[in-house]
Amino acid sequence: MAMNLLDYDAERLGQLMVQLGEKPFRAKQLMKWIHQRGVADFDAMSDIAKSFRQKLAADAKIAPPEMMAEQLAKDGTRKWLLDVGTGNGVEAVFIPEDDRGTLCISSQVGCALDCSFCSTGRQGFNRNLSTAEIIGQLWWANKRLSFDAARIGEAKNEDTRIVSNVVMMGMGEPLANYDNVVAAMRLMLDDNAYGLSRRRVTLSTSGLVPQLDRLREDCPVALAVSLHAPNDAIRDDIVPINQKYPLKELLDACNRYLEKAPRDFITYEYVMLDGVNDLPEHARQVAAMLRSTSAKINLIPFNPFPNSSFKRSSRDAIVRFRDILQQAGYIVTVRKTRGDDIDAACGQLAGQVQDKTRRLERMAETRPILFKNGGSA
Ligand code: SAH
Ligand code: SF4
């Protein structure tokens, strides 16, 4: 099978050049064609010798995932559904803002970690995405956005029209697909590819402690941690990975990460679930818990999806929660819902997952649906 050059970061591409009897600097040339200019056809690479182009065309390909659908929301948010084979699809979302354009990227088809408020988790796990499928989301986004910018005559480099930031916050747990995610992030950071600074690439994790320690050494990008609960009892319930890596261990790992992180804080994400984790006493517990670290807090109003047993916290509860944390000295933001009309918000990226774990069927057989909020669904 022809190798897919989108799977190769700079180091591996350099090694490949040597194996093919070429000078290592060819890797830089190739990367610029592939990632900066979005070219998938070796014939178009005019500064590469024809004989080498022919050799590449025989042995290699540049194959991003197929684009299945594109949706544009009223507020400019765009969502792409990418075909990752055998009936599976994953989603990437582009969110334009005044001073930046953020692409939200998926790392797995489904997710095995089973957080109870997450639609991706509820669908079960199918497989890891390859490096090509992960970086392919950025490759496509750049291509589509620059195509549209050219068509409507806007300057291509206007920050809000291009991808200036990437967040690994789409479908899947990025640290559970460590090698492929790190290779893709190295391409995001590489000056011959996408040239994003470490501060503009954010990885969000539910808290896989050993992989967090590895990331600190291998590729320390900006970090967001899915906290979601004020104590172990609640977190054990809604973020089950907490049973393996409880809060104390997670926060210790976060403090170690800060030694190498490109920003001097970590963002803690906190989904606001009515009656579950949104009480004033919970806010006070969060304030006390994060005292020993350097934190910003991002409150995410729960995005409902079919058959979820949770409700979004009321506006009042969110404001009250935010105020307690702010009074305790934290910087707190409340995430705005974007792309509502195309279901492009956090936790709504459903894609199409053929669940290899058959989670829903097993769940129906083995455990009752959890009812929060005093019992009624
Ligand atoms: N697996 C990673 C990244 C993907 S999810 C993680 O868990 O951090 C990105 C963020 O959206 C996480 O903070 C996740 O907990 C949150 N999220 C998931 N489902 C949600 C929902 N229904 N409403 C609001 N936020 C949700
Ligand atoms: Fe997986 Fe993140 Fe969803 Fe949890 S919140 S199930 S870790 S994608």
# chains A, B, ... in the order shown; residues from 1 in each chain; ligands from 1
$ residues_near_ligand --ligand "ligand 2" --cutoff "8 Å" --atoms "only C-alpha atoms and all ligand atoms" --output "list of chain:residue names"
A:Gly110, A:Cys111, A:Ala112, A:Leu113, A:Asp114, A:Cys115, A:Ser116, A:Phe117, A:Cys118, A:Ser119, A:Thr120, A:Gly121, A:Arg122, A:Met169, A:Gly170, A:Met171, A:Gly172, A:Glu173, A:Ser204, A:Thr205, A:Ser206, A:Ser226, A:Val239, A:Gly347
$ write_last_selection --atoms "C-alpha atoms" --output "PDB file, in the first residue's frame"
ATOM      1  CA  GLY A 110     -15.858   7.829  19.530  1.00  0.00           C
ATOM      2  CA  CYS A 111     -14.262   7.665  22.965  1.00  0.00           C
ATOM      3  CA  ALA A 112     -13.786   4.864  25.471  1.00  0.00           C
ATOM      4  CA  LEU A 113     -13.766   7.045  28.584  1.00  0.00           C
ATOM      5  CA  ASP A 114     -17.527   7.232  28.925  1.00  0.00           C
ATOM      6  CA  CYS A 115     -18.072  10.575  30.649  1.00  0.00           C
ATOM      7  CA  SER A 116     -21.779  10.549  31.379  1.00  0.00           C
ATOM      8  CA  PHE A 117     -22.576  14.036  29.990  1.00  0.00           C
ATOM      9  CA  CYS A 118     -20.709  13.571  26.680  1.00  0.00           C
ATOM     10  CA  SER A 119     -22.379  12.542  23.476  1.00  0.00           C
ATOM     11  CA  THR A 120     -19.124  11.231  21.964  1.00  0.00           C
ATOM     12  CA  GLY A 121     -18.509   9.100  25.049  1.00  0.00           C
ATOM     13  CA  ARG A 122     -22.047   7.760  24.985  1.00  0.00           C
ATOM     14  CA  MET A 169     -11.415  19.388  21.833  1.00  0.00           C
ATOM     15  CA  GLY A 170     -13.402  17.492  19.236  1.00  0.00           C
ATOM     16  CA  MET A 171     -14.370  13.843  19.407  1.00  0.00           C
ATOM     17  CA  GLY A 172     -12.151  11.551  21.456  1.00  0.00           C
ATOM     18  CA  GLU A 173      -9.545  11.717  24.196  1.00  0.00           C
ATOM     19  CA  SER A 204      -7.870  19.131  26.245  1.00  0.00           C
ATOM     20  CA  THR A 205      -7.740  15.996  28.376  1.00  0.00           C
ATOM     21  CA  SER A 206      -9.990  14.307  30.869  1.00  0.00           C
ATOM     22  CA  SER A 226     -11.684  18.599  32.034  1.00  0.00           C
ATOM     23  CA  VAL A 239     -15.766  11.393  34.632  1.00  0.00           C
ATOM     24  CA  GLY A 347     -20.181  17.744  23.375  1.00  0.00           C
TER      25      GLY A 347
END
$ select_by_dssp --residues "stretch 84-278 of chain A" --states "strand (DSSP E)" --output "JSON, numbers by chain"
{"A": [89, 90, 91, 92, 93, 94, 95, 96, 101, 102, 103, 104, 108, 109, 110, 125, 126, 127, 128, 165, 166, 167, 168, 201, 202, 203, 204, 205, 222, 223, 224, 225, 226, 266, 267, 268, 269, 270, 271, 272]}
$ atom_distance --atom1 "atom CA of A:Asp232" --atom2 "atom CA of A:Thr333"
23.4 Å
$ atom_distance --atom1 "atom CA of A:Phe42" --atom2 "atom CA of A:Leu20"
15.6 Å
$ atom_distance --atom1 "atom CA of A:Ala233" --atom2 "atom CA of A:Ile331"
25.4 Å
$ closest_residue --among "A:Pro306, A:Gly136, A:Pro174, A:Pro220" --to "ligand 1" --atoms "only C-alpha atoms and all ligand atoms"
A:Pro174
$ residues_around --residues "A:Glu217" --least-positions-apart "2" --cutoff "10 Å" --atoms "only C-alpha atoms" --output "short mmCIF file (atom, residue, chain, number, x, y, z; two decimals) with N, CA, C and O atoms, in the first residue's frame"
data_model
loop_
_atom_site.label_atom_id
_atom_site.label_comp_id
_atom_site.auth_asym_id
_atom_site.auth_seq_id
_atom_site.Cartn_x
_atom_site.Cartn_y
_atom_site.Cartn_z
N LEU A 212 0.08 12.59 30.40
CA LEU A 212 0.28 14.02 30.65
C LEU A 212 1.76 14.26 30.98
O LEU A 212 2.37 15.23 30.52
N ASP A 213 2.34 13.36 31.75
CA ASP A 213 3.76 13.48 32.07
C ASP A 213 4.62 13.31 30.82
O ASP A 213 5.63 13.99 30.66
N ARG A 214 4.21 12.42 29.94
CA ARG A 214 4.97 12.25 28.69
C ARG A 214 4.86 13.48 27.81
O ARG A 214 5.84 13.94 27.22
N LEU A 215 3.66 14.03 27.74
CA LEU A 215 3.44 15.20 26.88
C LEU A 215 4.31 16.37 27.33
O LEU A 215 4.81 17.13 26.50
N CYS A 219 6.04 17.30 23.92
CA CYS A 219 5.39 18.33 23.08
C CYS A 219 4.49 19.21 23.96
O CYS A 219 3.26 19.15 23.87
N PRO A 220 5.09 20.03 24.84
CA PRO A 220 4.26 20.77 25.80
C PRO A 220 3.52 21.94 25.17
O PRO A 220 4.03 23.04 25.05
N TYR A 257 3.32 19.71 34.89
CA TYR A 257 3.20 20.18 33.50
C TYR A 257 3.53 21.66 33.38
O TYR A 257 4.14 22.11 32.41
N LYS A 260 6.86 23.11 32.23
CA LYS A 260 7.27 23.16 30.82
C LYS A 260 6.23 23.83 29.91
O LYS A 260 6.47 24.00 28.72
N ALA A 261 5.09 24.17 30.46
CA ALA A 261 3.98 24.65 29.62
C ALA A 261 4.30 26.00 28.99
O ALA A 261 5.03 26.81 29.57
#
$ residues_around --residues "A:Lys248" --least-positions-apart "4" --cutoff "12 Å" --atoms "only C-alpha atoms" --output "MDAnalysis selection string"
chainID A and resid 207 209 227 230:232 235 242:244 252:255 289:290 292:293
$ closest_residue --among "A:Ile162, A:Ala184, A:Arg78, A:Asn142" --to "A:Leu5" --atoms "only C-alpha atoms"
A:Ala184
$ closest_residue --among "A:Gln54, A:Gln123, A:Asn177, A:Gln36" --to "A:Trp140" --atoms "only C-alpha atoms"
A:Gln36
$ residues_around --residues "A:Val332" --least-positions-apart "6" --cutoff "7 Å" --atoms "only C-alpha atoms" --output "ChimeraX atom specification"
/A:296-298,322,326
$ write_last_selection --atoms "C-alpha atoms" --output "PDB file, in the first residue's frame"
ATOM      1  CA  LYS A 296      -8.073  29.737  34.760  1.00  0.00           C
ATOM      2  CA  ILE A 297     -11.568  28.335  34.797  1.00  0.00           C
ATOM      3  CA  ASN A 298     -13.862  27.907  31.805  1.00  0.00           C
ATOM      4  CA  ARG A 322     -18.804  32.267  38.402  1.00  0.00           C
ATOM      5  CA  GLN A 326     -14.124  35.346  40.759  1.00  0.00           C
TER       6      GLN A 326
END
$ closest_residue --among "A:Asn128, A:Gly38, A:Thr77, A:Ala328" --to "A:Phe147" --atoms "only C-alpha atoms"
A:Gly38
